[in-house]
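See below for my_file.pdb, which holds PDB, C-alpha atoms and all ligand atoms.
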```
ATOM      1  CA  MET R 209    -126.874 -61.074 135.006
ATOM      2  CA  SER R 210    -124.369 -61.240 132.150
ATOM      3  CA  ARG R 211    -123.682 -64.523 130.392
ATOM      4  CA  PRO R 212    -120.864 -66.580 131.940
ATOM      5  CA  ARG R 213    -117.627 -66.855 129.968
ATOM      6  CA  ILE R 214    -115.858 -70.150 129.300
ATOM      7  CA  TRP R 215    -112.386 -70.953 127.923
ATOM      8  CA  VAL R 216    -111.872 -74.215 125.997
ATOM      9  CA  SER R 217    -108.134 -74.839 125.949
ATOM     10  CA  GLN R 218    -107.821 -77.250 122.987
ATOM     11  CA  PRO R 219    -109.905 -78.226 119.940
ATOM     12  CA  LEU R 220    -112.483 -80.612 121.482
ATOM     13  CA  PHE R 221    -115.230 -81.866 119.134
ATOM     14  CA  ASP R 222    -116.924 -78.530 118.583
ATOM     15  CA  ASP R 223    -120.425 -80.027 118.189
ATOM     16  CA  LEU R 224    -120.281 -81.275 121.788
ATOM     17  CA  LEU R 225    -119.852 -77.739 123.104
ATOM     18  CA  ALA R 226    -123.409 -76.739 122.134
ATOM     19  CA  PRO R 227    -124.837 -77.088 125.682
ATOM     20  CA  LEU R 228    -122.260 -74.559 126.868
ATOM     21  CA  ARG R 229    -122.729 -72.171 123.921
ATOM     22  CA  GLU R 230    -126.444 -72.027 124.612
ATOM     23  CA  HIS R 231    -125.919 -70.420 128.014
ATOM     24  CA  ALA R 232    -122.426 -68.931 127.950
ATOM     25  CA  ASP R 233    -119.904 -67.119 125.767
ATOM     26  CA  VAL R 234    -117.375 -69.758 124.800
ATOM     27  CA  VAL R 235    -113.854 -68.964 123.625
ATOM     28  CA  THR R 236    -112.370 -71.958 121.826
ATOM     29  CA  THR R 237    -108.833 -72.776 120.688
ATOM     30  CA  ALA R 238    -108.647 -73.516 116.976
ATOM     31  CA  ASP R 239    -105.444 -75.576 116.831
ATOM     32  CA  VAL R 240    -103.745 -77.925 119.256
ATOM     33  CA  ALA R 241    -101.726 -75.533 121.388
ATOM     34  CA  GLU R 242     -98.937 -75.654 123.914
ATOM     35  CA  HIS R 243     -99.986 -72.801 126.195
ATOM     36  CA  SER R 244     -97.298 -71.195 128.322
ATOM     37  CA  PRO R 245     -98.117 -70.591 132.022
ATOM     38  CA  ALA R 246     -98.545 -66.892 131.186
ATOM     39  CA  GLN R 247    -101.006 -67.701 128.369
ATOM     40  CA  ILE R 248    -103.002 -69.947 130.690
ATOM     41  CA  ALA R 249    -103.126 -67.208 133.335
ATOM     42  CA  THR R 250    -104.317 -64.714 130.732
ATOM     43  CA  ALA R 251    -106.954 -67.096 129.375
ATOM     44  CA  LEU R 252    -108.343 -67.770 132.859
ATOM     45  CA  ARG R 253    -108.274 -64.189 134.056
ATOM     46  CA  ASP R 254    -111.749 -63.173 132.869
ATOM     47  CA  VAL R 255    -113.646 -66.442 132.617
ATOM     48  CA  ASP R 256    -116.119 -68.226 134.903
ATOM     49  CA  GLY R 257    -115.231 -71.721 133.740
ATOM     50  CA  ALA R 258    -112.622 -73.643 131.765
ATOM     51  CA  LEU R 259    -112.553 -76.922 129.900
ATOM     52  CA  VAL R 260    -108.945 -78.118 129.930
ATOM     53  CA  THR R 261    -106.824 -81.168 129.129
ATOM     54  CA  LEU R 262    -103.701 -82.677 130.628
ATOM     55  CA  ASN R 263    -101.713 -80.251 128.441
ATOM     56  CA  GLU R 264    -102.737 -77.339 130.649
ATOM     57  CA  ARG R 265    -101.081 -77.038 134.049
ATOM     58  CA  ILE R 266    -103.438 -74.947 136.184
ATOM     59  CA  ASP R 267    -101.144 -73.632 138.889
ATOM     60  CA  GLY R 268    -101.421 -71.325 141.886
ATOM     61  CA  THR R 269    -100.192 -68.266 139.986
ATOM     62  CA  ALA R 270    -102.902 -68.539 137.332
ATOM     63  CA  ILE R 271    -105.552 -69.350 139.937
ATOM     64  CA  ALA R 272    -104.672 -66.292 142.043
ATOM     65  CA  GLN R 273    -105.335 -64.037 139.046
ATOM     66  CA  ALA R 274    -108.590 -65.733 137.998
ATOM     67  CA  GLN R 275    -110.998 -63.682 140.095
ATOM     68  CA  HIS R 276    -114.175 -64.847 138.316
ATOM     69  CA  LEU R 277    -113.245 -68.515 137.879
ATOM     70  CA  ARG R 278    -115.710 -70.938 139.487
ATOM     71  CA  ALA R 279    -115.022 -74.302 137.840
ATOM     72  CA  VAL R 280    -112.314 -76.124 135.902
ATOM     73  CA  ALA R 281    -113.467 -79.247 134.066
ATOM     74  CA  ASN R 282    -110.593 -81.551 133.147
ATOM     75  CA  VAL R 283    -111.148 -83.735 130.099
ATOM     76  CA  GLY R 284    -109.454 -86.783 131.582
ATOM     77  CA  VAL R 285    -109.688 -89.014 134.606
ATOM     78  CA  GLY R 286    -106.179 -88.109 135.787
ATOM     79  CA  TYR R 287    -106.000 -84.553 137.125
ATOM     80  CA  ASN R 288    -102.419 -84.082 138.275
ATOM     81  CA  ASN R 289    -102.287 -81.049 135.942
ATOM     82  CA  LEU R 290    -104.618 -79.208 138.359
ATOM     83  CA  ASP R 291    -103.528 -77.693 141.666
ATOM     84  CA  VAL R 292    -106.710 -78.872 143.391
ATOM     85  CA  ALA R 293    -105.744 -77.434 146.784
ATOM     86  CA  ALA R 294    -105.124 -73.969 145.314
ATOM     87  CA  LEU R 295    -108.425 -74.154 143.406
ATOM     88  CA  ALA R 296    -110.321 -75.307 146.499
ATOM     89  CA  ALA R 297    -108.788 -72.551 148.616
ATOM     90  CA  VAL R 298    -110.555 -69.927 146.495
ATOM     91  CA  GLY R 299    -113.765 -71.880 145.915
ATOM     92  CA  VAL R 300    -113.133 -73.132 142.376
ATOM     93  CA  ALA R 301    -114.568 -76.573 141.625
ATOM     94  CA  ALA R 302    -112.391 -79.147 139.842
ATOM     95  CA  THR R 303    -113.964 -82.035 137.931
ATOM     96  CA  ASN R 304    -112.701 -85.026 135.934
ATOM     97  CA  THR R 305    -114.143 -87.704 133.633
ATOM     98  CA  PRO R 306    -114.162 -91.092 135.379
ATOM     99  CA  ASP R 307    -115.954 -94.236 134.153
ATOM    100  CA  VAL R 308    -116.449 -93.292 130.508
ATOM    101  CA  LEU R 309    -112.886 -94.283 129.619
ATOM    102  CA  THR R 310    -112.482 -97.328 131.862
ATOM    103  CA  GLU R 311    -113.152-100.100 129.345
ATOM    104  CA  THR R 312    -111.321 -98.449 126.438
ATOM    105  CA  THR R 313    -108.276 -97.877 128.607
ATOM    106  CA  ALA R 314    -108.380-101.455 129.867
ATOM    107  CA  ASP R 315    -108.522-102.690 126.252
ATOM    108  CA  PHE R 316    -105.413-100.668 125.522
ATOM    109  CA  ALA R 317    -103.583-102.070 128.533
ATOM    110  CA  TRP R 318    -103.990-105.470 126.916
ATOM    111  CA  ALA R 319    -102.847-104.152 123.539
ATOM    112  CA  LEU R 320     -99.638-102.901 125.161
ATOM    113  CA  LEU R 321     -99.187-105.996 127.303
ATOM    114  CA  LEU R 322     -99.574-108.394 124.394
ATOM    115  CA  ALA R 323     -97.450-106.276 122.063
ATOM    116  CA  THR R 324     -94.695-106.124 124.671
ATOM    117  CA  ALA R 325     -94.770-109.782 125.670
ATOM    118  CA  ARG R 326     -94.846-110.984 122.048
ATOM    119  CA  ARG R 327     -92.479-108.291 120.723
ATOM    120  CA  VAL R 328     -94.968-107.143 118.080
ATOM    121  CA  THR R 329     -93.542-103.715 117.246
ATOM    122  CA  GLU R 330     -89.965-104.952 117.360
ATOM    123  CA  ALA R 331     -90.919-107.741 114.920
ATOM    124  CA  GLU R 332     -92.640-105.288 112.600
ATOM    125  CA  ARG R 333     -89.637-102.942 112.600
ATOM    126  CA  TRP R 334     -87.394-105.899 111.767
ATOM    127  CA  LEU R 335     -89.671-107.055 108.932
ATOM    128  CA  ARG R 336     -89.955-103.548 107.462
ATOM    129  CA  SER R 337     -86.167-103.189 107.563
ATOM    130  CA  GLY R 338     -85.959-105.921 104.915
ATOM    131  CA  ALA R 339     -84.052-108.241 107.265
ATOM    132  CA  TRP R 340     -86.511-111.139 106.831
ATOM    133  CA  THR R 341     -84.923-113.379 104.238
ATOM    134  CA  GLN R 342     -85.748-116.733 105.778
ATOM    135  CA  TRP R 343     -88.178-118.030 108.381
ATOM    136  CA  SER R 344     -86.371-119.339 111.408
ATOM    137  CA  PHE R 345     -87.544-121.306 114.374
ATOM    138  CA  ASP R 346     -86.022-119.315 117.226
ATOM    139  CA  ARG R 347     -86.428-115.766 115.984
ATOM    140  CA  LEU R 348     -88.169-113.100 118.135
ATOM    141  CA  LEU R 349     -89.267-115.453 120.869
ATOM    142  CA  GLY R 350     -91.451-113.770 123.474
ATOM    143  CA  ALA R 351     -93.170-114.508 126.745
ATOM    144  CA  ASP R 352     -96.485-116.306 127.095
ATOM    145  CA  VAL R 353     -99.407-114.326 128.420
ATOM    146  CA  HIS R 354    -101.869-117.182 128.943
ATOM    147  CA  GLY R 355    -101.335-118.989 132.202
ATOM    148  CA  ALA R 356     -98.915-116.323 133.480
ATOM    149  CA  THR R 357     -99.220-114.105 136.565
ATOM    150  CA  LEU R 358    -100.631-110.642 135.944
ATOM    151  CA  GLY R 359     -99.645-107.996 138.484
ATOM    152  CA  ILE R 360    -101.669-104.797 138.792
ATOM    153  CA  LEU R 361    -100.456-101.789 140.745
ATOM    154  CA  GLY R 362    -103.528 -99.615 141.437
ATOM    155  CA  MET R 363    -106.843-101.458 141.688
ATOM    156  CA  GLY R 364    -109.280 -98.672 140.827
ATOM    157  CA  ARG R 365    -111.866 -98.869 138.078
ATOM    158  CA  ILE R 366    -109.328 -99.352 135.274
ATOM    159  CA  GLY R 367    -107.243-101.857 137.229
ATOM    160  CA  GLN R 368    -110.376-103.899 137.882
ATOM    161  CA  ALA R 369    -111.391-103.819 134.210
ATOM    162  CA  ILE R 370    -107.910-105.043 133.242
ATOM    163  CA  ALA R 371    -108.132-107.811 135.836
ATOM    164  CA  ARG R 372    -111.545-108.975 134.609
ATOM    165  CA  ARG R 373    -110.118-109.475 131.112
ATOM    166  CA  ALA R 374    -107.332-111.704 132.488
ATOM    167  CA  ALA R 375    -109.776-114.584 132.979
ATOM    168  CA  GLY R 376    -109.824-115.032 129.202
ATOM    169  CA  PHE R 377    -106.097-115.725 129.310
ATOM    170  CA  ASP R 378    -106.419-118.086 132.240
ATOM    171  CA  MET R 379    -104.071-115.925 134.303
ATOM    172  CA  ARG R 380    -103.435-115.679 138.004
ATOM    173  CA  VAL R 381    -104.007-112.053 139.114
ATOM    174  CA  VAL R 382    -102.251-110.349 142.017
ATOM    175  CA  TYR R 383    -102.609-106.679 142.843
ATOM    176  CA  HIS R 384    -101.343-104.048 145.200
ATOM    177  CA  ASN R 385    -103.332-101.017 146.272
ATOM    178  CA  ARG R 386    -103.134 -98.769 149.331
ATOM    179  CA  SER R 387    -106.214-100.544 150.614
ATOM    180  CA  ARG R 388    -107.702-103.875 149.636
ATOM    181  CA  VAL R 389    -110.790-103.708 147.435
ATOM    182  CA  PRO R 390    -113.960-105.366 148.835
ATOM    183  CA  ASP R 391    -114.125-109.173 148.761
ATOM    184  CA  ALA R 392    -116.859-109.110 146.106
ATOM    185  CA  VAL R 393    -114.647-107.040 143.785
ATOM    186  CA  GLU R 394    -111.677-109.330 144.402
ATOM    187  CA  ALA R 395    -113.907-112.293 143.569
ATOM    188  CA  ALA R 396    -115.245-110.675 140.375
ATOM    189  CA  CYS R 397    -111.680-109.866 139.301
ATOM    190  CA  ARG R 398    -110.301-113.184 140.568
ATOM    191  CA  ALA R 399    -107.538-111.085 142.092
ATOM    192  CA  ARG R 400    -105.548-111.381 145.308
ATOM    193  CA  TRP R 401    -104.024-108.456 147.262
ATOM    194  CA  VAL R 402    -100.293-108.833 147.906
ATOM    195  CA  PRO R 403     -97.682-106.531 149.498
ATOM    196  CA  PHE R 404     -95.815-104.306 147.005
ATOM    197  CA  GLN R 405     -92.579-106.335 147.161
ATOM    198  CA  ASP R 406     -94.493-109.576 146.479
ATOM    199  CA  LEU R 407     -96.227-107.936 143.519
ATOM    200  CA  LEU R 408     -92.846-107.074 142.023
ATOM    201  CA  ALA R 409     -91.466-110.543 142.675
ATOM    202  CA  GLU R 410     -94.478-112.539 141.465
ATOM    203  CA  ALA R 411     -95.707-110.692 138.361
ATOM    204  CA  ASP R 412     -94.800-112.011 134.910
ATOM    205  CA  HIS R 413     -96.535-108.968 133.453
ATOM    206  CA  LEU R 414     -96.897-105.914 135.677
ATOM    207  CA  VAL R 415     -99.370-103.159 134.742
ATOM    208  CA  LEU R 416     -99.302 -99.725 136.392
ATOM    209  CA  VAL R 417    -102.650 -97.953 136.718
ATOM    210  CA  LEU R 418    -102.298 -95.868 139.847
ATOM    211  CA  PRO R 419    -102.809 -92.099 139.967
ATOM    212  CA  TYR R 420     -99.742 -89.873 139.916
ATOM    213  CA  SER R 421     -99.012 -87.935 143.117
ATOM    214  CA  ALA R 422     -95.993 -87.054 145.220
ATOM    215  CA  SER R 423     -96.336 -90.446 146.907
ATOM    216  CA  SER R 424     -96.370 -92.413 143.631
ATOM    217  CA  HIS R 425     -93.447 -90.473 142.118
ATOM    218  CA  HIS R 426     -90.808 -93.003 140.943
ATOM    219  CA  VAL R 427     -92.535 -95.836 142.740
ATOM    220  CA  ILE R 428     -90.945 -97.951 140.016
ATOM    221  CA  ASP R 429     -87.284 -97.054 140.452
ATOM    222  CA  ALA R 430     -84.046 -99.003 140.027
ATOM    223  CA  ALA R 431     -84.677-100.996 143.226
ATOM    224  CA  ALA R 432     -88.223-101.938 142.186
ATOM    225  CA  LEU R 433     -87.029-102.977 138.734
ATOM    226  CA  ALA R 434     -84.289-105.087 140.318
ATOM    227  CA  ALA R 435     -86.945-106.869 142.394
ATOM    228  CA  MET R 436     -88.853-107.955 139.249
ATOM    229  CA  LYS R 437     -88.240-111.223 137.406
ATOM    230  CA  PRO R 438     -85.667-110.882 134.587
ATOM    231  CA  THR R 439     -88.318-112.392 132.301
ATOM    232  CA  ALA R 440     -91.018-109.899 133.342
ATOM    233  CA  THR R 441     -92.613-107.130 131.310
ATOM    234  CA  LEU R 442     -93.799-103.777 132.623
ATOM    235  CA  VAL R 443     -96.700-101.736 131.217
ATOM    236  CA  ASN R 444     -97.365 -98.121 132.214
ATOM    237  CA  LEU R 445    -100.512 -96.368 131.061
ATOM    238  CA  ALA R 446    -101.060 -94.251 134.164
ATOM    239  CA  ARG R 447     -98.792 -91.209 134.191
ATOM    240  CA  GLY R 448     -95.178 -90.410 133.477
ATOM    241  CA  GLY R 449     -93.246 -89.880 136.683
ATOM    242  CA  ILE R 450     -94.554 -93.072 138.292
ATOM    243  CA  VAL R 451     -91.630 -94.828 136.598
ATOM    244  CA  ASP R 452     -88.076 -93.507 136.757
ATOM    245  CA  ASP R 453     -87.575 -93.555 132.964
ATOM    246  CA  SER R 454     -83.814 -93.359 133.216
ATOM    247  CA  ALA R 455     -83.673 -96.376 135.575
ATOM    248  CA  LEU R 456     -86.085 -98.237 133.284
ATOM    249  CA  ALA R 457     -83.978 -97.559 130.185
ATOM    250  CA  GLU R 458     -80.963 -98.881 132.029
ATOM    251  CA  ALA R 459     -82.827-102.017 133.190
ATOM    252  CA  LEU R 460     -84.107-102.678 129.651
ATOM    253  CA  ALA R 461     -80.702-102.172 128.064
ATOM    254  CA  ALA R 462     -79.073-104.460 130.627
ATOM    255  CA  GLY R 463     -81.793-107.109 130.225
ATOM    256  CA  ARG R 464     -82.762-106.829 133.906
ATOM    257  CA  ILE R 465     -86.390-107.096 132.768
ATOM    258  CA  ALA R 466     -87.527-108.485 129.417
ATOM    259  CA  GLY R 467     -89.530-105.580 128.057
ATOM    260  CA  ALA R 468     -91.795-102.614 128.659
ATOM    261  CA  GLY R 469     -94.880-101.110 127.064
ATOM    262  CA  LEU R 470     -95.190 -97.404 127.748
ATOM    263  CA  ASP R 471     -98.011 -95.017 126.893
ATOM    264  CA  VAL R 472     -96.896 -92.246 129.268
ATOM    265  CA  PHE R 473     -93.524 -90.670 129.984
ATOM    266  CA  GLU R 474     -91.732 -88.300 132.316
ATOM    267  CA  GLY R 475     -91.613 -84.957 130.504
ATOM    268  CA  GLU R 476     -93.833 -86.131 127.603
ATOM    269  CA  PRO R 477     -94.075 -85.435 124.720
ATOM    270  CA  VAL R 478     -90.283 -85.722 125.015
ATOM    271  CA  VAL R 479     -89.287 -89.362 125.426
ATOM    272  CA  HIS R 480     -86.032 -90.349 127.173
ATOM    273  CA  GLU R 481     -83.493 -90.905 124.414
ATOM    274  CA  ARG R 482     -82.273 -94.173 125.947
ATOM    275  CA  LEU R 483     -85.827 -95.550 125.811
ATOM    276  CA  LEU R 484     -86.024 -94.578 122.149
ATOM    277  CA  ALA R 485     -82.828 -96.560 121.581
ATOM    278  CA  CYS R 486     -84.151 -99.769 123.217
ATOM    279  CA  ASP R 487     -85.631-102.486 121.014
ATOM    280  CA  ASN R 488     -87.470-104.220 123.840
ATOM    281  CA  VAL R 489     -89.912-101.410 124.513
ATOM    282  CA  VAL R 490     -93.244-100.601 122.865
ATOM    283  CA  LEU R 491     -93.828 -96.828 122.834
ATOM    284  CA  THR R 492     -97.172 -95.113 122.230
ATOM    285  CA  PRO R 493     -98.053 -91.396 122.560
ATOM    286  CA  HIS R 494    -100.514 -91.344 125.497
ATOM    287  CA  ILE R 495    -103.420 -92.874 123.578
ATOM    288  CA  ALA R 496    -104.878 -95.383 126.047
ATOM    289  CA  SER R 497    -108.302 -93.715 126.056
ATOM    290  CA  ALA R 498    -108.161 -92.695 122.398
ATOM    291  CA  SER R 499    -111.067 -94.463 120.734
ATOM    292  CA  HIS R 500    -113.534 -92.333 118.738
ATOM    293  CA  ALA R 501    -116.430 -93.078 121.064
ATOM    294  CA  THR R 502    -114.518 -92.676 124.303
ATOM    295  CA  ARG R 503    -112.799 -89.402 123.485
ATOM    296  CA  ARG R 504    -116.239 -87.983 122.565
ATOM    297  CA  ALA R 505    -117.755 -89.395 125.761
ATOM    298  CA  MET R 506    -114.992 -87.739 127.789
ATOM    299  CA  VAL R 507    -115.701 -84.339 126.251
ATOM    300  CA  ALA R 508    -119.467 -84.757 126.667
ATOM    301  CA  LEU R 509    -118.979 -85.622 130.344
ATOM    302  CA  ALA R 510    -116.592 -82.711 130.942
ATOM    303  CA  VAL R 511    -119.125 -80.374 129.295
ATOM    304  CA  ALA R 512    -121.886 -81.748 131.540
ATOM    305  CA  ASN R 513    -119.634 -81.354 134.589
ATOM    306  CA  LEU R 514    -118.867 -77.744 133.729
ATOM    307  CA  ALA R 515    -122.507 -76.916 132.994
ATOM    308  CA  ALA R 516    -123.549 -78.457 136.324
ATOM    309  CA  ALA R 517    -120.812 -76.698 138.282
ATOM    310  CA  LEU R 518    -121.647 -73.322 136.728
ATOM    311  CA  GLY R 519    -125.394 -73.882 137.070
ATOM    312  CA  LEU R 520    -126.080 -73.660 133.329
ATOM    313  CA  GLY R 521    -129.260 -74.897 131.657
ATOM    314  CA  PRO R 522    -130.836 -78.261 132.432
ATOM    315  CA  ARG R 523    -127.586 -79.553 134.006
ATOM    316  CA  ALA R 524    -127.757 -76.920 136.751
ATOM    317  CA  GLY R 525    -127.838 -78.710 140.074
ATOM    318  CA  ASP R 526    -126.624 -82.067 138.719
ATOM    319  CA  PRO R 527    -123.737 -83.246 140.852
ATOM    320  CA  PRO R 528    -120.642 -82.876 138.671
ATOM    321  CA  ASN R 529    -117.725 -85.306 138.998
ATOM    322  CA  LEU R 530    -115.823 -83.310 141.606
ATOM    323  CA  VAL R 531    -112.311 -84.663 142.162
ATOM    324  CA  PRO R 532    -111.290 -85.557 145.740
ATOM    325  CA  GLY R 533    -110.401 -82.386 147.631
ATOM    326  CA  SER R 534    -112.383 -80.123 145.313
ATOM    327  CA  ALA R 535    -114.479 -77.268 146.616
ATOM    328  CA  LEU R 536    -118.026 -76.590 145.520
ATOM    329  CA  PRO R 537    -118.014 -73.651 143.105
ATOM    330  CA  ARG R 538    -118.201 -70.187 144.656
ATOM    331  CA  LEU R 539    -121.078 -67.893 143.726
ATOM    332  CA  PRO R 540    -120.720 -65.859 140.534
ATOM    333  CA  SER R 541    -119.204 -62.426 141.025
ATOM    334  CA  PRO R 542    -121.860 -59.683 140.583
TER     335      PRO R 542
HETATM  336  C1  LIG M   1    -106.752 -89.506 131.404
HETATM  337  O1  LIG M   1    -107.971 -89.506 131.251
HETATM  338  O2  LIG M   1    -106.214 -89.246 132.476
HETATM  339  C2  LIG M   1    -105.923 -89.844 130.217
HETATM  340  O3  LIG M   1    -104.587 -89.911 130.555
HETATM  341  C3  LIG M   1    -106.146 -88.875 129.074
HETATM  342  O4  LIG M   1    -106.267 -87.597 129.521
END
```
Once more with this new file: its structure as structure tokens, please.
Amino acid sequence: MSRPRIWVSQPLFDDLLAPLREHADVVTTADVAEHSPAQIATALRDVDGALVTLNERIDGTAIAQAQHLRAVANVGVGYNNLDVAALAAVGVAATNTPDVLTETTADFAWALLLATARRVTEAERWLRSGAWTQWSFDRLLGADVHGATLGILGMGRIGQAIARRAAGFDMRVVYHNRSRVPDAVEAACRARWVPFQDLLAEADHLVLVLPYSASSHHVIDAAALAAMKPTATLVNLARGGIVDDSALAEALAAGRIAGAGLDVFEGEPVVHERLLACDNVVLTPHIASASHATRRAMVALAVANLAAALGLGPRAGDPPNLVPGSALPRLPSP
């Protein structure tokens, strides 16, 4: 049997690809690339497996042409860039990288929350502008985090890790999720399930960590923002599209909420120009999981997932992290 072929869509710590190289012919991408749909279709056409990132949208058209493809390993926990149903329909496995990024991402949620509540980046911009000529008592006042109510929308692994950290700030934690988490998890997180409207009304700091799907599209829209406290802050590190960025920019400009911390955007890497114009928003370029150790762990896990799904080397037979709705990989074509 000939060696399987694998496409790696972005530069991804080359040393971590060794387990794939040992058993397969690996085509890598030298520089960070924005692949067009046609380029993605071409790259997938003759390969058995692919290691991709959120930059690559794997759609039905590309999948239909990828006759040999058996597995797509996403380097990320979110996988809304993959058409999982279209992959499953032709027996292509789809995997993601849960767990390894949970704690790093939860750390970053707190970085954004604190920076937003205490206006850290706004203060730095003001200082760097040369405007600081005298200390004054009432300049750049922010919101307290300690003792406040933390709201979490989406109580999966990352939501729980964020909640656990809230104990250090002596916060009250409320969350909303499609289904309540088990009592033991609620107890460990010291968190209480509330209906969505109560979450909006009660949170002093609301963090969004739910997956993006058609049902979470614009879940934070103008009406949701209007239901929040005018003193509240909003943090989104899940996916763009969960928040209606235009409605958020309007709410921030009008002071309908106090501030926002955003790591993800609709249409990123383009950021809504009205958000860029707001002072009361902290903006970061989708870096919540970007620590040295975690980004390497994500690649190592995606490599292990792909090796397992394609039956390569010692990982053959290991259960890869199949995403919900994924098929098991079809047999290699002769
Ligand atoms: C994820 O893992 O989903 C992050 O957004 C980075 O890809």
Task: Radius query 10 Å about (-109.0, -77.3, 141.7), atoms used: all atoms listed in the file, as a PyMOL selection string - done: chain R and resi 266-268+271+278-282+287+289-303+530-537
Atoms kept (C-alpha atoms) for selection, written as an mmCIF file, keeping the file's coordinate frame:
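Everything below was put into again-v8.cif:
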```cif
data_model
loop_
_atom_site.group_PDB
_atom_site.id
_atom_site.type_symbol
_atom_site.label_atom_id
_atom_site.label_comp_id
_atom_site.auth_asym_id
_atom_site.auth_seq_id
_atom_site.Cartn_x
_atom_site.Cartn_y
_atom_site.Cartn_z
ATOM 1 C CA ILE R 266 -103.438 -74.947 136.184
ATOM 2 C CA ASP R 267 -101.144 -73.632 138.889
ATOM 3 C CA GLY R 268 -101.421 -71.325 141.886
ATOM 4 C CA ILE R 271 -105.552 -69.350 139.937
ATOM 5 C CA ARG R 278 -115.710 -70.938 139.487
ATOM 6 C CA ALA R 279 -115.022 -74.302 137.840
ATOM 7 C CA VAL R 280 -112.314 -76.124 135.902
ATOM 8 C CA ALA R 281 -113.467 -79.247 134.066
ATOM 9 C CA ASN R 282 -110.593 -81.551 133.147
ATOM 10 C CA TYR R 287 -106.000 -84.553 137.125
ATOM 11 C CA ASN R 289 -102.287 -81.049 135.942
ATOM 12 C CA LEU R 290 -104.618 -79.208 138.359
ATOM 13 C CA ASP R 291 -103.528 -77.693 141.666
ATOM 14 C CA VAL R 292 -106.710 -78.872 143.391
ATOM 15 C CA ALA R 293 -105.744 -77.434 146.784
ATOM 16 C CA ALA R 294 -105.124 -73.969 145.314
ATOM 17 C CA LEU R 295 -108.425 -74.154 143.406
ATOM 18 C CA ALA R 296 -110.321 -75.307 146.499
ATOM 19 C CA ALA R 297 -108.788 -72.551 148.616
ATOM 20 C CA VAL R 298 -110.555 -69.927 146.495
ATOM 21 C CA GLY R 299 -113.765 -71.880 145.915
ATOM 22 C CA VAL R 300 -113.133 -73.132 142.376
ATOM 23 C CA ALA R 301 -114.568 -76.573 141.625
ATOM 24 C CA ALA R 302 -112.391 -79.147 139.842
ATOM 25 C CA THR R 303 -113.964 -82.035 137.931
ATOM 26 C CA LEU R 530 -115.823 -83.310 141.606
ATOM 27 C CA VAL R 531 -112.311 -84.663 142.162
ATOM 28 C CA PRO R 532 -111.290 -85.557 145.740
ATOM 29 C CA GLY R 533 -110.401 -82.386 147.631
ATOM 30 C CA SER R 534 -112.383 -80.123 145.313
ATOM 31 C CA ALA R 535 -114.479 -77.268 146.616
ATOM 32 C CA LEU R 536 -118.026 -76.590 145.520
ATOM 33 C CA PRO R 537 -118.014 -73.651 143.105
#
```
Here's the selection I'm unsure about, the PyMOL selection byres (((chain R and resi 514-526) around 12) and not hetatm); applied to the file above, which residues does it give, as a compact mmCIF listing (two decimals) with C-alpha atoms, keeping the file's coordinate frame?
```
# COMPACT_ATOMS: atom_id res chain seq x y z
CA ARG R 211 -123.68 -64.52 130.39
CA PRO R 212 -120.86 -66.58 131.94
CA ARG R 213 -117.63 -66.86 129.97
CA ILE R 214 -115.86 -70.15 129.30
CA TRP R 215 -112.39 -70.95 127.92
CA VAL R 216 -111.87 -74.22 126.00
CA LEU R 225 -119.85 -77.74 123.10
CA ALA R 226 -123.41 -76.74 122.13
CA PRO R 227 -124.84 -77.09 125.68
CA LEU R 228 -122.26 -74.56 126.87
CA ARG R 229 -122.73 -72.17 123.92
CA GLU R 230 -126.44 -72.03 124.61
CA HIS R 231 -125.92 -70.42 128.01
CA ALA R 232 -122.43 -68.93 127.95
CA ASP R 233 -119.90 -67.12 125.77
CA VAL R 255 -113.65 -66.44 132.62
CA ASP R 256 -116.12 -68.23 134.90
CA GLY R 257 -115.23 -71.72 133.74
CA ALA R 258 -112.62 -73.64 131.76
CA LEU R 259 -112.55 -76.92 129.90
CA VAL R 260 -108.94 -78.12 129.93
CA HIS R 276 -114.18 -64.85 138.32
CA LEU R 277 -113.24 -68.52 137.88
CA ARG R 278 -115.71 -70.94 139.49
CA ALA R 279 -115.02 -74.30 137.84
CA VAL R 280 -112.31 -76.12 135.90
CA ALA R 281 -113.47 -79.25 134.07
CA ASN R 282 -110.59 -81.55 133.15
CA VAL R 283 -111.15 -83.74 130.10
CA GLY R 299 -113.76 -71.88 145.92
CA VAL R 300 -113.13 -73.13 142.38
CA ALA R 301 -114.57 -76.57 141.62
CA ALA R 302 -112.39 -79.15 139.84
CA THR R 303 -113.96 -82.04 137.93
CA ASN R 304 -112.70 -85.03 135.93
CA THR R 305 -114.14 -87.70 133.63
CA VAL R 507 -115.70 -84.34 126.25
CA ALA R 508 -119.47 -84.76 126.67
CA LEU R 509 -118.98 -85.62 130.34
CA ALA R 510 -116.59 -82.71 130.94
CA VAL R 511 -119.12 -80.37 129.29
CA ALA R 512 -121.89 -81.75 131.54
CA ASN R 513 -119.63 -81.35 134.59
CA PRO R 527 -123.74 -83.25 140.85
CA PRO R 528 -120.64 -82.88 138.67
CA ASN R 529 -117.72 -85.31 139.00
CA LEU R 530 -115.82 -83.31 141.61
CA SER R 534 -112.38 -80.12 145.31
CA ALA R 535 -114.48 -77.27 146.62
CA LEU R 536 -118.03 -76.59 145.52
CA PRO R 537 -118.01 -73.65 143.10
CA ARG R 538 -118.20 -70.19 144.66
CA LEU R 539 -121.08 -67.89 143.73
CA PRO R 540 -120.72 -65.86 140.53
CA SER R 541 -119.20 -62.43 141.02
```
Task: Residue contacts of Ala446 (chain R) (10 Å, only C-alpha atoms) excluding same-chain residues fewer than 2 positions away, as a PyMOL selection string - done: chain R and resi 286+313+317+362+366+415-420+443-444+448-451+470-473+494+496
Each residue of chain R with at least one atom at most 6 Å from ligand LIG 1 (chain M) should appear once, together with its nearest atom pair and the corresponding distance in Å (one decimal); atoms considered: all atoms listed in the file; ordering: chain, then increasing residue number; output as JSON lines.
```
{"residue": "R:Leu262", "atom": "CA", "partner": "M:LIG1", "partner_atom": "O4", "distance": 5.7}
{"residue": "R:Gly284", "atom": "CA", "partner": "M:LIG1", "partner_atom": "O1", "distance": 3.1}
{"residue": "R:Val285", "atom": "CA", "partner": "M:LIG1", "partner_atom": "O1", "distance": 3.8}
{"residue": "R:Gly286", "atom": "CA", "partner": "M:LIG1", "partner_atom": "O2", "distance": 3.5}
```
